[in-house]
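Data from model-v2.txt: compact mmCIF, C-alpha atoms
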# COMPACT_ATOMS: atom_id res chain seq x y z
CA MET A 3 159.94 -133.84 -37.17
CA PRO A 4 159.41 -136.32 -34.33
CA VAL A 5 162.55 -137.92 -32.89
CA ARG A 6 162.75 -141.68 -33.42
CA VAL A 7 163.43 -143.62 -30.22
CA GLU A 8 164.51 -147.27 -30.37
CA ASP A 9 164.68 -149.05 -27.02
CA PRO A 10 164.39 -152.79 -27.73
CA PHE A 11 165.63 -153.66 -24.24
CA GLY A 12 163.24 -151.51 -22.22
CA VAL A 13 166.13 -149.82 -20.43
CA ALA A 14 163.98 -146.93 -19.21
CA ALA A 15 162.54 -149.29 -16.59
CA ASP A 16 165.96 -150.19 -15.07
CA GLY A 17 165.71 -149.02 -11.47
CA ALA A 18 169.44 -149.46 -10.93
CA MET A 19 170.13 -146.80 -13.59
CA PRO A 20 167.28 -144.30 -13.21
CA SER A 21 168.96 -141.70 -15.42
CA LEU A 22 168.25 -143.81 -18.52
CA ALA A 23 164.62 -142.75 -18.66
CA ALA A 24 165.63 -139.10 -19.03
CA ALA A 25 168.39 -140.01 -21.50
CA LEU A 26 165.71 -141.49 -23.79
CA ASP A 27 163.35 -138.53 -23.53
CA PRO A 28 163.80 -136.60 -26.82
CA GLY A 29 163.13 -133.15 -25.39
CA GLU A 30 165.40 -133.58 -22.39
CA ALA A 31 168.10 -135.31 -24.44
CA GLU A 32 168.19 -132.47 -26.96
CA ARG A 33 168.39 -129.84 -24.21
CA GLN A 34 171.23 -131.59 -22.42
CA LEU A 35 173.23 -132.36 -25.57
CA GLN A 36 172.89 -128.76 -26.70
CA ARG A 37 174.20 -127.50 -23.34
CA ARG A 38 176.93 -130.05 -22.74
CA LEU A 39 178.61 -130.55 -26.15
CA PRO A 40 180.25 -127.25 -27.15
CA ARG A 41 183.16 -129.25 -28.56
CA LEU A 42 180.73 -130.61 -31.15
CA THR A 43 178.64 -127.51 -31.91
CA GLY A 44 181.26 -124.78 -31.58
CA GLU A 45 180.54 -121.29 -30.28
CA ASP A 46 177.93 -120.33 -32.88
CA GLY A 47 176.32 -123.69 -33.57
CA SER A 48 173.17 -125.38 -32.34
CA LEU A 49 172.16 -129.00 -32.20
CA ARG A 50 169.00 -130.72 -33.40
CA LEU A 51 168.28 -134.25 -32.21
CA GLU A 52 166.97 -136.65 -34.87
CA ALA A 53 167.07 -140.17 -33.41
CA ILE A 54 167.89 -142.15 -30.25
CA ARG A 55 168.94 -145.82 -30.29
CA VAL A 56 169.86 -148.11 -27.41
CA ARG A 57 172.67 -150.22 -28.83
CA ARG A 58 174.03 -152.26 -25.94
CA TYR A 59 172.66 -153.01 -22.51
CA LYS A 60 173.48 -155.15 -19.49
CA PRO A 61 170.72 -154.83 -16.90
CA ALA A 62 171.75 -152.97 -13.75
CA ARG A 63 175.29 -152.62 -15.12
CA ARG A 64 175.79 -150.50 -18.24
CA CYS A 65 174.12 -149.07 -21.31
CA MET A 66 175.25 -147.54 -24.61
CA ILE A 67 172.99 -145.12 -26.47
CA GLU A 68 173.47 -143.58 -29.91
CA TYR A 69 172.15 -140.12 -30.72
CA ASP A 70 171.82 -138.95 -34.32
CA VAL A 71 172.10 -135.17 -34.42
CA ALA A 72 172.38 -132.37 -36.92
CA VAL A 73 174.77 -129.53 -36.09
CA GLU A 74 173.49 -126.25 -37.49
CA ARG A 75 175.68 -123.19 -38.00
CA PRO A 76 174.99 -119.84 -39.66
CA ASP A 77 175.37 -119.84 -43.44
CA ALA A 78 176.11 -123.57 -43.62
CA GLN A 79 174.30 -126.77 -44.37
CA PRO A 80 173.40 -128.91 -41.33
CA GLU A 81 176.21 -131.32 -40.48
CA PRO A 82 175.02 -134.82 -39.52
CA ALA A 83 176.80 -136.63 -36.71
CA THR A 84 176.26 -139.60 -34.44
CA VAL A 85 177.45 -139.50 -30.86
CA ILE A 86 177.60 -142.32 -28.36
CA GLY A 87 176.61 -141.94 -24.73
CA LYS A 88 177.75 -144.44 -22.11
CA VAL A 89 176.18 -145.02 -18.71
CA ARG A 90 177.56 -147.34 -16.03
CA VAL A 91 175.88 -148.11 -12.75
CA HIS A 92 177.22 -146.13 -9.77
CA ARG A 93 179.29 -143.92 -12.11
CA PHE A 94 178.79 -140.31 -13.18
CA GLY A 95 180.74 -140.48 -16.44
CA LYS A 96 183.58 -138.23 -15.41
CA SER A 97 186.24 -140.93 -15.04
CA GLY A 98 185.41 -142.53 -18.42
CA PHE A 99 185.56 -139.15 -20.14
CA ARG A 100 188.77 -138.22 -18.35
CA VAL A 101 190.61 -141.37 -19.49
CA LEU A 102 189.48 -141.06 -23.11
CA ASP A 103 190.30 -137.36 -23.18
CA SER A 104 193.78 -138.06 -21.80
CA VAL A 105 194.41 -140.74 -24.42
CA TRP A 106 193.08 -138.45 -27.18
CA ASN A 107 195.50 -135.72 -26.11
CA ALA A 108 198.42 -138.17 -25.93
CA GLY A 109 198.63 -138.39 -29.73
CA PHE A 110 195.49 -140.37 -30.59
CA GLN A 111 193.54 -137.60 -32.36
CA ALA A 112 191.51 -138.43 -35.46
CA ASP A 113 193.92 -136.69 -37.86
CA ASN A 114 197.28 -137.80 -36.49
CA GLY A 115 200.00 -139.04 -38.81
CA ASP A 116 200.40 -142.64 -37.66
CA GLY A 117 196.79 -143.69 -38.28
CA ILE A 118 196.16 -144.87 -34.70
CA SER A 119 193.36 -142.96 -32.99
CA VAL A 120 190.55 -143.09 -30.46
CA PRO A 121 187.02 -141.66 -30.81
CA GLU A 122 186.82 -137.96 -30.05
CA PRO A 123 185.67 -137.34 -26.46
CA LEU A 124 182.92 -134.70 -26.50
CA GLY A 125 181.77 -134.16 -22.93
CA THR A 126 179.66 -135.40 -20.04
CA VAL A 127 175.99 -135.07 -19.20
CA SER A 128 175.78 -135.22 -15.42
CA THR A 129 171.98 -135.40 -15.43
CA PHE A 130 172.22 -138.67 -17.37
CA ARG A 131 175.36 -139.86 -15.52
CA MET A 132 176.78 -140.21 -19.02
CA TRP A 133 179.92 -139.41 -20.96
CA ILE A 134 179.82 -138.89 -24.71
CA GLN A 135 182.13 -139.56 -27.64
CA ARG A 136 181.83 -139.22 -31.40
CA LYS A 137 180.96 -142.42 -33.25
CA VAL A 138 183.76 -143.42 -35.61
CA PRO A 139 183.43 -144.96 -39.10
CA GLY A 140 184.69 -148.39 -40.04
CA VAL A 141 184.24 -152.07 -39.21
CA PRO A 142 185.45 -154.16 -36.26
CA ALA A 143 188.76 -155.93 -36.77
CA THR A 144 186.90 -159.16 -35.96
CA GLU A 145 185.40 -159.07 -39.45
CA LEU A 146 188.78 -158.67 -41.17
CA LEU A 147 191.33 -160.86 -39.41
CA ALA A 148 190.37 -163.99 -41.33
CA GLY A 149 190.54 -162.25 -44.71
CA GLN A 150 193.33 -161.20 -47.00
CA GLY A 151 195.61 -158.84 -45.13
CA GLY A 152 194.82 -160.36 -41.73
CA GLU A 153 198.47 -160.71 -40.78
CA ARG A 154 199.23 -157.12 -41.74
CA LEU A 155 196.26 -155.98 -39.69
CA GLY A 156 197.58 -158.00 -36.76
CA ILE A 157 200.92 -156.19 -37.01
CA ARG A 158 199.14 -152.82 -36.98
CA ILE A 159 197.10 -153.85 -33.94
CA ALA A 160 200.28 -154.78 -32.07
CA GLU A 161 201.70 -151.37 -32.96
CA ALA A 162 198.53 -149.67 -31.72
CA ALA A 163 198.72 -151.46 -28.39
CA HIS A 164 202.39 -150.58 -28.02
CA LYS A 165 201.61 -146.94 -28.73
CA LEU A 166 199.01 -146.95 -25.95
CA HIS A 167 201.48 -148.57 -23.54
CA ARG A 168 204.04 -145.84 -24.24
CA ALA A 169 201.55 -142.96 -24.09
CA GLY A 170 202.09 -142.37 -20.38
CA VAL A 171 198.41 -141.80 -19.61
CA PRO A 172 197.95 -142.06 -15.81
CA ALA A 173 195.74 -144.86 -14.49
CA GLU A 174 193.58 -144.75 -11.38
CA ARG A 175 193.63 -148.53 -10.86
CA ARG A 176 196.15 -151.37 -10.96
CA HIS A 177 195.73 -154.92 -12.25
CA THR A 178 198.31 -157.55 -11.36
CA MET A 179 198.82 -161.19 -12.23
CA ALA A 180 197.38 -162.00 -8.81
CA ASP A 181 194.20 -160.14 -9.82
CA GLU A 182 194.06 -162.05 -13.10
CA LEU A 183 194.38 -165.38 -11.31
CA ARG A 184 191.79 -164.38 -8.70
CA ILE A 185 189.22 -163.55 -11.39
CA LEU A 186 189.97 -166.82 -13.19
CA ASP A 187 189.61 -168.74 -9.93
CA GLU A 188 186.23 -167.14 -9.22
CA ARG A 189 184.88 -167.88 -12.69
CA LEU A 190 186.12 -171.44 -13.02
CA SER A 191 185.18 -172.34 -9.45
CA SER A 192 181.66 -171.13 -10.18
CA LEU A 193 181.60 -173.30 -13.30
CA ALA A 194 182.81 -176.34 -11.37
CA SER A 195 180.03 -175.85 -8.82
CA GLY A 196 177.44 -175.82 -11.58
CA LYS A 197 178.94 -178.72 -13.54
CA PRO A 198 180.14 -181.36 -11.05
CA ALA A 199 181.11 -183.70 -13.91
CA LEU A 200 183.81 -181.22 -14.93
CA ALA A 201 184.93 -180.30 -11.41
CA GLU A 202 188.04 -182.49 -11.31
CA ARG A 203 189.26 -181.31 -14.72
CA ILE A 204 188.60 -177.68 -13.82
CA ASP A 205 190.55 -178.07 -10.56
CA ARG A 206 193.53 -179.37 -12.54
CA LEU A 207 193.14 -176.56 -15.03
CA LEU A 208 193.10 -173.95 -12.28
CA ASP A 209 196.16 -175.46 -10.64
CA ALA A 210 198.08 -175.41 -13.92
CA CYS A 211 196.99 -171.81 -14.60
CA ARG A 212 198.19 -170.70 -11.18
CA ARG A 213 201.61 -172.24 -11.79
CA LEU A 214 201.80 -170.63 -15.22
CA GLY A 215 200.79 -167.20 -13.94
CA GLU A 216 203.10 -167.25 -10.95
CA ALA A 217 206.06 -168.21 -13.17
CA ALA A 218 205.39 -165.49 -15.77
CA ALA A 219 207.64 -162.42 -15.75
CA THR A 220 205.20 -159.60 -14.95
CA GLY A 221 207.32 -156.91 -13.33
CA VAL A 222 206.86 -154.30 -16.07
CA ARG A 223 203.88 -151.98 -15.61
CA CYS A 224 202.30 -149.20 -17.65
CA GLY A 225 198.86 -148.00 -18.69
CA ILE A 226 197.01 -150.85 -20.43
CA HIS A 227 193.61 -151.28 -22.05
CA ARG A 228 192.83 -154.51 -20.14
CA ASP A 229 189.89 -155.48 -22.38
CA PHE A 230 191.76 -155.63 -25.68
CA TYR A 231 190.25 -157.86 -28.36
CA ALA A 232 189.24 -157.53 -31.99
CA ASP A 233 185.83 -155.92 -31.41
CA GLN A 234 187.61 -153.09 -29.59
CA VAL A 235 189.49 -152.10 -32.77
CA ILE A 236 187.63 -150.33 -35.58
CA VAL A 237 189.31 -150.33 -39.00
CA HIS A 238 188.61 -147.49 -41.41
CA GLY A 239 190.91 -147.67 -44.40
CA SER A 240 194.44 -147.34 -43.05
CA ARG A 241 193.28 -145.90 -39.72
CA LEU A 242 192.65 -147.86 -36.53
CA TYR A 243 190.43 -146.65 -33.71
CA LEU A 244 190.80 -148.15 -30.23
CA LEU A 245 187.54 -148.33 -28.28
CA ASP A 246 186.23 -148.74 -24.73
CA PHE A 247 188.72 -147.73 -22.07
CA ASP A 248 186.36 -148.64 -19.21
CA LEU A 249 188.93 -151.04 -17.70
CA TYR A 250 192.02 -148.90 -18.38
CA CYS A 251 194.51 -149.43 -15.57
CA GLU A 252 198.16 -149.93 -14.72
CA GLY A 253 199.32 -153.44 -15.54
CA HIS A 254 201.68 -155.60 -17.59
CA PRO A 255 201.58 -154.64 -21.29
CA ALA A 256 201.69 -158.30 -22.34
CA LEU A 257 198.20 -158.71 -20.88
CA ASP A 258 196.68 -156.73 -23.76
CA ILE A 259 198.39 -158.76 -26.47
CA GLY A 260 197.88 -162.09 -24.72
CA ASN A 261 194.21 -161.27 -24.22
CA PHE A 262 193.90 -160.33 -27.90
CA VAL A 263 195.60 -163.52 -29.07
CA GLY A 264 193.49 -165.67 -26.74
CA HIS A 265 190.33 -164.11 -28.15
CA VAL A 266 191.55 -164.78 -31.71
CA THR A 267 192.08 -168.45 -30.85
CA GLU A 268 188.59 -168.72 -29.34
CA LEU A 269 187.12 -166.98 -32.38
CA SER A 270 188.97 -169.38 -34.69
CA LEU A 271 187.58 -172.40 -32.86
CA ARG A 272 184.03 -171.09 -32.71
CA THR A 273 183.65 -169.61 -36.19
CA LEU A 274 186.17 -171.54 -38.31
CA GLY A 275 186.12 -174.89 -36.52
CA ASP A 276 189.87 -174.93 -35.94
CA PRO A 277 191.72 -173.12 -33.11
CA ALA A 278 194.79 -172.89 -35.36
CA ALA A 279 192.96 -171.39 -38.34
CA LEU A 280 194.29 -167.90 -37.58
CA ALA A 281 197.65 -169.01 -36.17
CA ALA A 282 199.51 -166.88 -38.72
CA VAL A 283 197.64 -163.79 -37.54
CA GLU A 284 198.37 -164.62 -33.90
CA ALA A 285 202.07 -165.11 -34.71
CA ALA A 286 202.20 -161.77 -36.54
CA ILE A 287 200.71 -159.96 -33.56
CA GLU A 288 203.06 -161.64 -31.12
CA GLU A 289 206.20 -161.16 -33.22
CA ARG A 290 205.59 -157.47 -33.83
CA PHE A 291 204.83 -156.83 -30.17
CA VAL A 292 207.96 -158.69 -29.04
CA GLU A 293 209.97 -156.75 -31.60
CA LEU A 294 208.71 -153.50 -30.10
CA SER A 295 208.75 -154.50 -26.42
CA GLY A 296 211.72 -156.84 -26.15
CA PRO A 297 212.17 -160.64 -26.07
CA ALA A 298 211.17 -160.89 -22.39
CA ALA A 299 207.59 -160.07 -23.40
CA ARG A 300 207.10 -163.32 -25.32
CA SER A 301 206.61 -165.67 -22.38
CA ALA A 302 204.25 -163.23 -20.67
CA VAL A 303 202.16 -162.83 -23.86
CA ARG A 304 201.80 -166.60 -24.14
CA ALA A 305 200.92 -166.97 -20.48
CA TYR A 306 198.18 -164.33 -20.68
CA ALA A 307 196.87 -165.91 -23.91
CA ILE A 308 196.37 -169.25 -22.16
CA LEU A 309 194.76 -167.60 -19.14
CA THR A 310 192.38 -165.83 -21.52
CA LEU A 311 191.44 -169.14 -23.14
CA ALA A 312 190.85 -170.65 -19.70
CA ARG A 313 188.55 -167.75 -18.85
CA HIS A 314 186.63 -168.46 -22.05
CA VAL A 315 185.82 -171.96 -20.80
CA GLN A 316 183.47 -170.37 -18.27
CA LEU A 317 182.38 -167.53 -20.58
CA SER A 318 181.26 -170.05 -23.20
CA THR A 319 178.61 -171.37 -20.82
CA LEU A 320 176.91 -167.96 -20.54
CA PHE A 321 175.80 -167.77 -24.18
CA ALA A 322 173.62 -170.34 -25.91
CA GLU A 323 175.52 -170.08 -29.19
CA ARG A 324 178.86 -170.72 -27.45
CA ARG A 325 177.91 -173.61 -25.17
CA PRO A 326 178.68 -176.26 -27.82
CA TYR A 327 182.35 -175.20 -27.62
CA THR A 328 182.87 -175.50 -23.86
CA GLY A 329 184.32 -178.99 -24.10
CA ALA A 330 186.63 -178.12 -26.98
CA LEU A 331 187.91 -175.04 -25.15
CA LEU A 332 188.61 -177.08 -22.04
CA GLU A 333 190.51 -179.69 -24.07
CA LEU A 334 192.49 -176.98 -25.84
CA CYS A 335 193.53 -175.42 -22.53
CA GLU A 336 194.54 -178.82 -21.16
CA GLU A 337 196.62 -179.46 -24.26
CA ARG A 338 198.41 -176.12 -24.10
CA LEU A 339 199.10 -176.49 -20.40
CA GLY A 340 200.43 -180.03 -20.84
CA ILE A 341 197.82 -181.72 -18.67
CA THR A 342 195.92 -183.57 -21.42
CA GLY A 343 197.27 -187.01 -20.56
CA ARG A 344 196.43 -186.72 -16.90
CA ALA A 345 192.97 -185.38 -17.71
CA ARG A 346 192.18 -188.36 -19.93
CA ALA A 347 193.67 -190.86 -17.53
CA ARG A 348 191.42 -189.71 -14.67
CA SER A 349 188.29 -188.85 -16.65
As structure tokens, please, write out the structure in this file.
Amino acid sequence: MPVRVEDPFGVAADGAMPSLAAALDPGEAERQLQRRLPRLTGEDGSLRLEAIRVRRYKPARRCMIEYDVAVERPDAQPEPATVIGKVRVHRFGKSGFRVLDSVWNAGFQADNGDGISVPEPLGTVSTFRMWIQRKVPGVPATELLAGQGGERLGIRIAEAAHKLHRAGVPAERRHTMADELRILDERLSSLASGKPALAERIDRLLDACRRLGEAAATGVRCGIHRDFYADQVIVHGSRLYLLDFDLYCEGHPALDIGNFVGHVTELSLRTLGDPAALAAVEAAIEERFVELSGPAARSAVRAYAILTLARHVQLSTLFAERRPYTGALLELCEERLGITGRARARS
């Protein structure tokens, strides 16, 4: 049967990632997957490709492709599976596979006893500059945090992050508070240049964020996710899967929890109309993480949460559906940093 190919973004024409055209060619994709995924097929199995779908794409930066396959073995019914291939510009896939494989082998397998896992790493396809993992079942935590059991889920997410921090998986990069403040400075300065009416308020916001970051206790370092928010956690029954270790590095563990909490606050404002709508969930995440990591982590978690919210002020301007919330996010950051009165007095 012909292989279905869905490429709504036209990624095959991206000159910055020329391997994508081959990755979408059914014949070539089937040949490469057959050769490069023995962990999926086993010694006596073969692979038949059934469908290709481009799921996510940022031009000239990265692409995620799903492949539906059937694994065929002697004297057995074909076993359906979906695998995910990731391509990043100027990368060959080896580092992404290596990190996920290391986390998998550090106690995050799909059948472990604590219910905290990562997708199974399956291999790399050098021709496509791609690394491949098994697609996991479940729904993003984003869809569940506002429902019944949201606080319990928050506790489990804090436990999952703590497990990752204690896994001892080596990191090739380091991310410090100075790096966090530099990125924030770049993003908010760019916003101020494009919106002169907000420039004075953004300058005050940046100054307050610098003081907050420099005062935060950030001496502890370990392997961290560094892009930890609710879409990166898939919930399947009692099991959690942590996704996307593209930014994995050495850094302060409170960054992951602060980033998660900051995203929850932004989500609450944007989808529920109230930044405090999920405050109980945020508190549950913070309390469990502090319980596991020690009381010194609390101030760092809160600092990183505010810095995350400040970053969202600029991020909100990049998406049409989020632009109506730019002003509210800016006001919320001013309030939490204690600069609301000054902002109003000079506005």
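Residue nearest Arg55 (chain A) within the list A:Val303, A:Val13, A:Leu183, A:Ala194: A:Val13 [criterion: smallest interatomic distance, only C-alpha atoms].
Nearest to Gly98 (chain A) of all the residues A:Leu147, A:Ala72, A:Leu166, A:Cys251 is A:Cys251, based on only C-alpha atoms.
With all atoms listed in the file as the basis for measurement, A:Phe130 is the residue among A:Ala148, A:Asp116, A:Lys88, A:Phe130 that approaches Ala23 (chain A) most closely.
The protein and nucleic acid residues lying at most 9 Å from region 131-133 of chain A are A:Met19, A:Ser21, A:Leu22, A:Ala25, A:Ile86, A:Gly87, A:Lys88, A:Val89, A:Arg90, A:Val91, A:His92, A:Arg93, A:Phe94, A:Gly95, A:Lys96, A:Ser97, A:Gly98, A:Phe99, A:Pro123, A:Leu124, A:Gly125, A:Thr126, A:Val127, A:Ser128, with only C-alpha atoms considered and sequence neighbours fewer than 3 positions away removed.
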Distance query Leu242 (chain A) at most 12 Å, only C-alpha atoms, self and fewer than 3 positions along chain excluded, as a PDB file with C-alpha atoms, in the frame of the given file:
ATOM      1  CA  PHE A 110     195.490-140.370 -30.590  1.00  0.00           C
ATOM      2  CA  GLN A 111     193.540-137.600 -32.360  1.00  0.00           C
ATOM      3  CA  ALA A 112     191.510-138.430 -35.460  1.00  0.00           C
ATOM      4  CA  ASP A 113     193.920-136.690 -37.860  1.00  0.00           C
ATOM      5  CA  ASN A 114     197.280-137.800 -36.490  1.00  0.00           C
ATOM      6  CA  GLY A 115     200.000-139.040 -38.810  1.00  0.00           C
ATOM      7  CA  ASP A 116     200.400-142.640 -37.660  1.00  0.00           C
ATOM      8  CA  GLY A 117     196.790-143.690 -38.280  1.00  0.00           C
ATOM      9  CA  ILE A 118     196.160-144.870 -34.700  1.00  0.00           C
ATOM     10  CA  SER A 119     193.360-142.960 -32.990  1.00  0.00           C
ATOM     11  CA  VAL A 120     190.550-143.090 -30.460  1.00  0.00           C
ATOM     12  CA  PRO A 121     187.020-141.660 -30.810  1.00  0.00           C
ATOM     13  CA  VAL A 138     183.760-143.420 -35.610  1.00  0.00           C
ATOM     14  CA  PRO A 139     183.430-144.960 -39.100  1.00  0.00           C
ATOM     15  CA  GLY A 140     184.690-148.390 -40.040  1.00  0.00           C
ATOM     16  CA  VAL A 141     184.240-152.070 -39.210  1.00  0.00           C
ATOM     17  CA  PRO A 142     185.450-154.160 -36.260  1.00  0.00           C
ATOM     18  CA  ALA A 143     188.760-155.930 -36.770  1.00  0.00           C
ATOM     19  CA  LEU A 155     196.260-155.980 -39.690  1.00  0.00           C
ATOM     20  CA  GLY A 156     197.580-158.000 -36.760  1.00  0.00           C
ATOM     21  CA  ILE A 157     200.920-156.190 -37.010  1.00  0.00           C
ATOM     22  CA  ARG A 158     199.140-152.820 -36.980  1.00  0.00           C
ATOM     23  CA  ILE A 159     197.100-153.850 -33.940  1.00  0.00           C
ATOM     24  CA  ALA A 160     200.280-154.780 -32.070  1.00  0.00           C
ATOM     25  CA  GLU A 161     201.700-151.370 -32.960  1.00  0.00           C
ATOM     26  CA  ALA A 162     198.530-149.670 -31.720  1.00  0.00           C
ATOM     27  CA  ALA A 163     198.720-151.460 -28.390  1.00  0.00           C
ATOM     28  CA  LYS A 165     201.610-146.940 -28.730  1.00  0.00           C
ATOM     29  CA  ALA A 232     189.240-157.530 -31.990  1.00  0.00           C
ATOM     30  CA  ASP A 233     185.830-155.920 -31.410  1.00  0.00           C
ATOM     31  CA  GLN A 234     187.610-153.090 -29.590  1.00  0.00           C
ATOM     32  CA  VAL A 235     189.490-152.100 -32.770  1.00  0.00           C
ATOM     33  CA  ILE A 236     187.630-150.330 -35.580  1.00  0.00           C
ATOM     34  CA  VAL A 237     189.310-150.330 -39.000  1.00  0.00           C
ATOM     35  CA  HIS A 238     188.610-147.490 -41.410  1.00  0.00           C
ATOM     36  CA  GLY A 239     190.910-147.670 -44.400  1.00  0.00           C
ATOM     37  CA  LEU A 245     187.540-148.330 -28.280  1.00  0.00           C
TER      38      LEU A 245
END
| field | Shortest interatomic distance to Arg228 (chain A) - which of A:Thr267, A:Ser240, A:Ser191, A:Thr310, counting only C-alpha atoms | value | A:Thr310
| field | Test item: residues at most 8 Å from Arg304 (chain A), all atoms listed in the file, excluding those fewer than 4 positions along its chain, as an MDAnalysis selection string | value | chainID A and resid 260 300 308
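Of the residues under consideration (A:Gly221, A:Pro255, A:Val73, A:Pro80), A:Val73 shows the shortest atom-to-atom contact distance to Arg41 (chain A) when counting all atoms listed in the file.
Take CA of Val263 (chain A) and CA of Asp229 (chain A): the distance between them is 11.9 Å.
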Give me the residues within 12 Å of Ala299 (chain A) as a PDB file with C-alpha atoms, in the frame of the given file, counting only C-alpha atoms and dropping any in the same chain fewer than 5 places off.
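Generated file (part-v4.pdb):
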ATOM      1  CA  HIS A 164     202.390-150.580 -28.020  1.00  0.00           C
ATOM      2  CA  ALA A 218     205.390-165.490 -15.770  1.00  0.00           C
ATOM      3  CA  ALA A 219     207.640-162.420 -15.750  1.00  0.00           C
ATOM      4  CA  THR A 220     205.200-159.600 -14.950  1.00  0.00           C
ATOM      5  CA  GLY A 221     207.320-156.910 -13.330  1.00  0.00           C
ATOM      6  CA  VAL A 222     206.860-154.300 -16.070  1.00  0.00           C
ATOM      7  CA  ARG A 223     203.880-151.980 -15.610  1.00  0.00           C
ATOM      8  CA  HIS A 254     201.680-155.600 -17.590  1.00  0.00           C
ATOM      9  CA  PRO A 255     201.580-154.640 -21.290  1.00  0.00           C
ATOM     10  CA  ALA A 256     201.690-158.300 -22.340  1.00  0.00           C
ATOM     11  CA  LEU A 257     198.200-158.710 -20.880  1.00  0.00           C
ATOM     12  CA  ASP A 258     196.680-156.730 -23.760  1.00  0.00           C
ATOM     13  CA  ILE A 259     198.390-158.760 -26.470  1.00  0.00           C
ATOM     14  CA  GLY A 260     197.880-162.090 -24.720  1.00  0.00           C
ATOM     15  CA  GLU A 288     203.060-161.640 -31.120  1.00  0.00           C
ATOM     16  CA  GLU A 289     206.200-161.160 -33.220  1.00  0.00           C
ATOM     17  CA  ARG A 290     205.590-157.470 -33.830  1.00  0.00           C
ATOM     18  CA  PHE A 291     204.830-156.830 -30.170  1.00  0.00           C
ATOM     19  CA  VAL A 292     207.960-158.690 -29.040  1.00  0.00           C
ATOM     20  CA  GLU A 293     209.970-156.750 -31.600  1.00  0.00           C
ATOM     21  CA  LEU A 294     208.710-153.500 -30.100  1.00  0.00           C
ATOM     22  CA  ARG A 304     201.800-166.600 -24.140  1.00  0.00           C
ATOM     23  CA  ALA A 305     200.920-166.970 -20.480  1.00  0.00           C
ATOM     24  CA  TYR A 306     198.180-164.330 -20.680  1.00  0.00           C
TER      25      TYR A 306
END
| query | Which residues, written as a ChimeraX atom specification, have at least one atom at most 8 Å from Glu268 (chain A), with all atoms listed in the file counted and residues fewer than 4 positions away on the same chain left out? | reply | /A:264,272,277,311,314,331
| said: I need the residue nearest Leu207 (chain A) from this list: A:Arg175, A:Lys137, A:Arg184, A:Arg313. Use only C-alpha atoms for the distance. | reply: A:Arg313
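Separating CA of Ala169 (chain A) from CA of Gly109 (chain A) is a distance of 7.8 Å.
Here CA of Val105 (chain A) is placed at a distance of 28.0 Å from CA of Leu51 (chain A).
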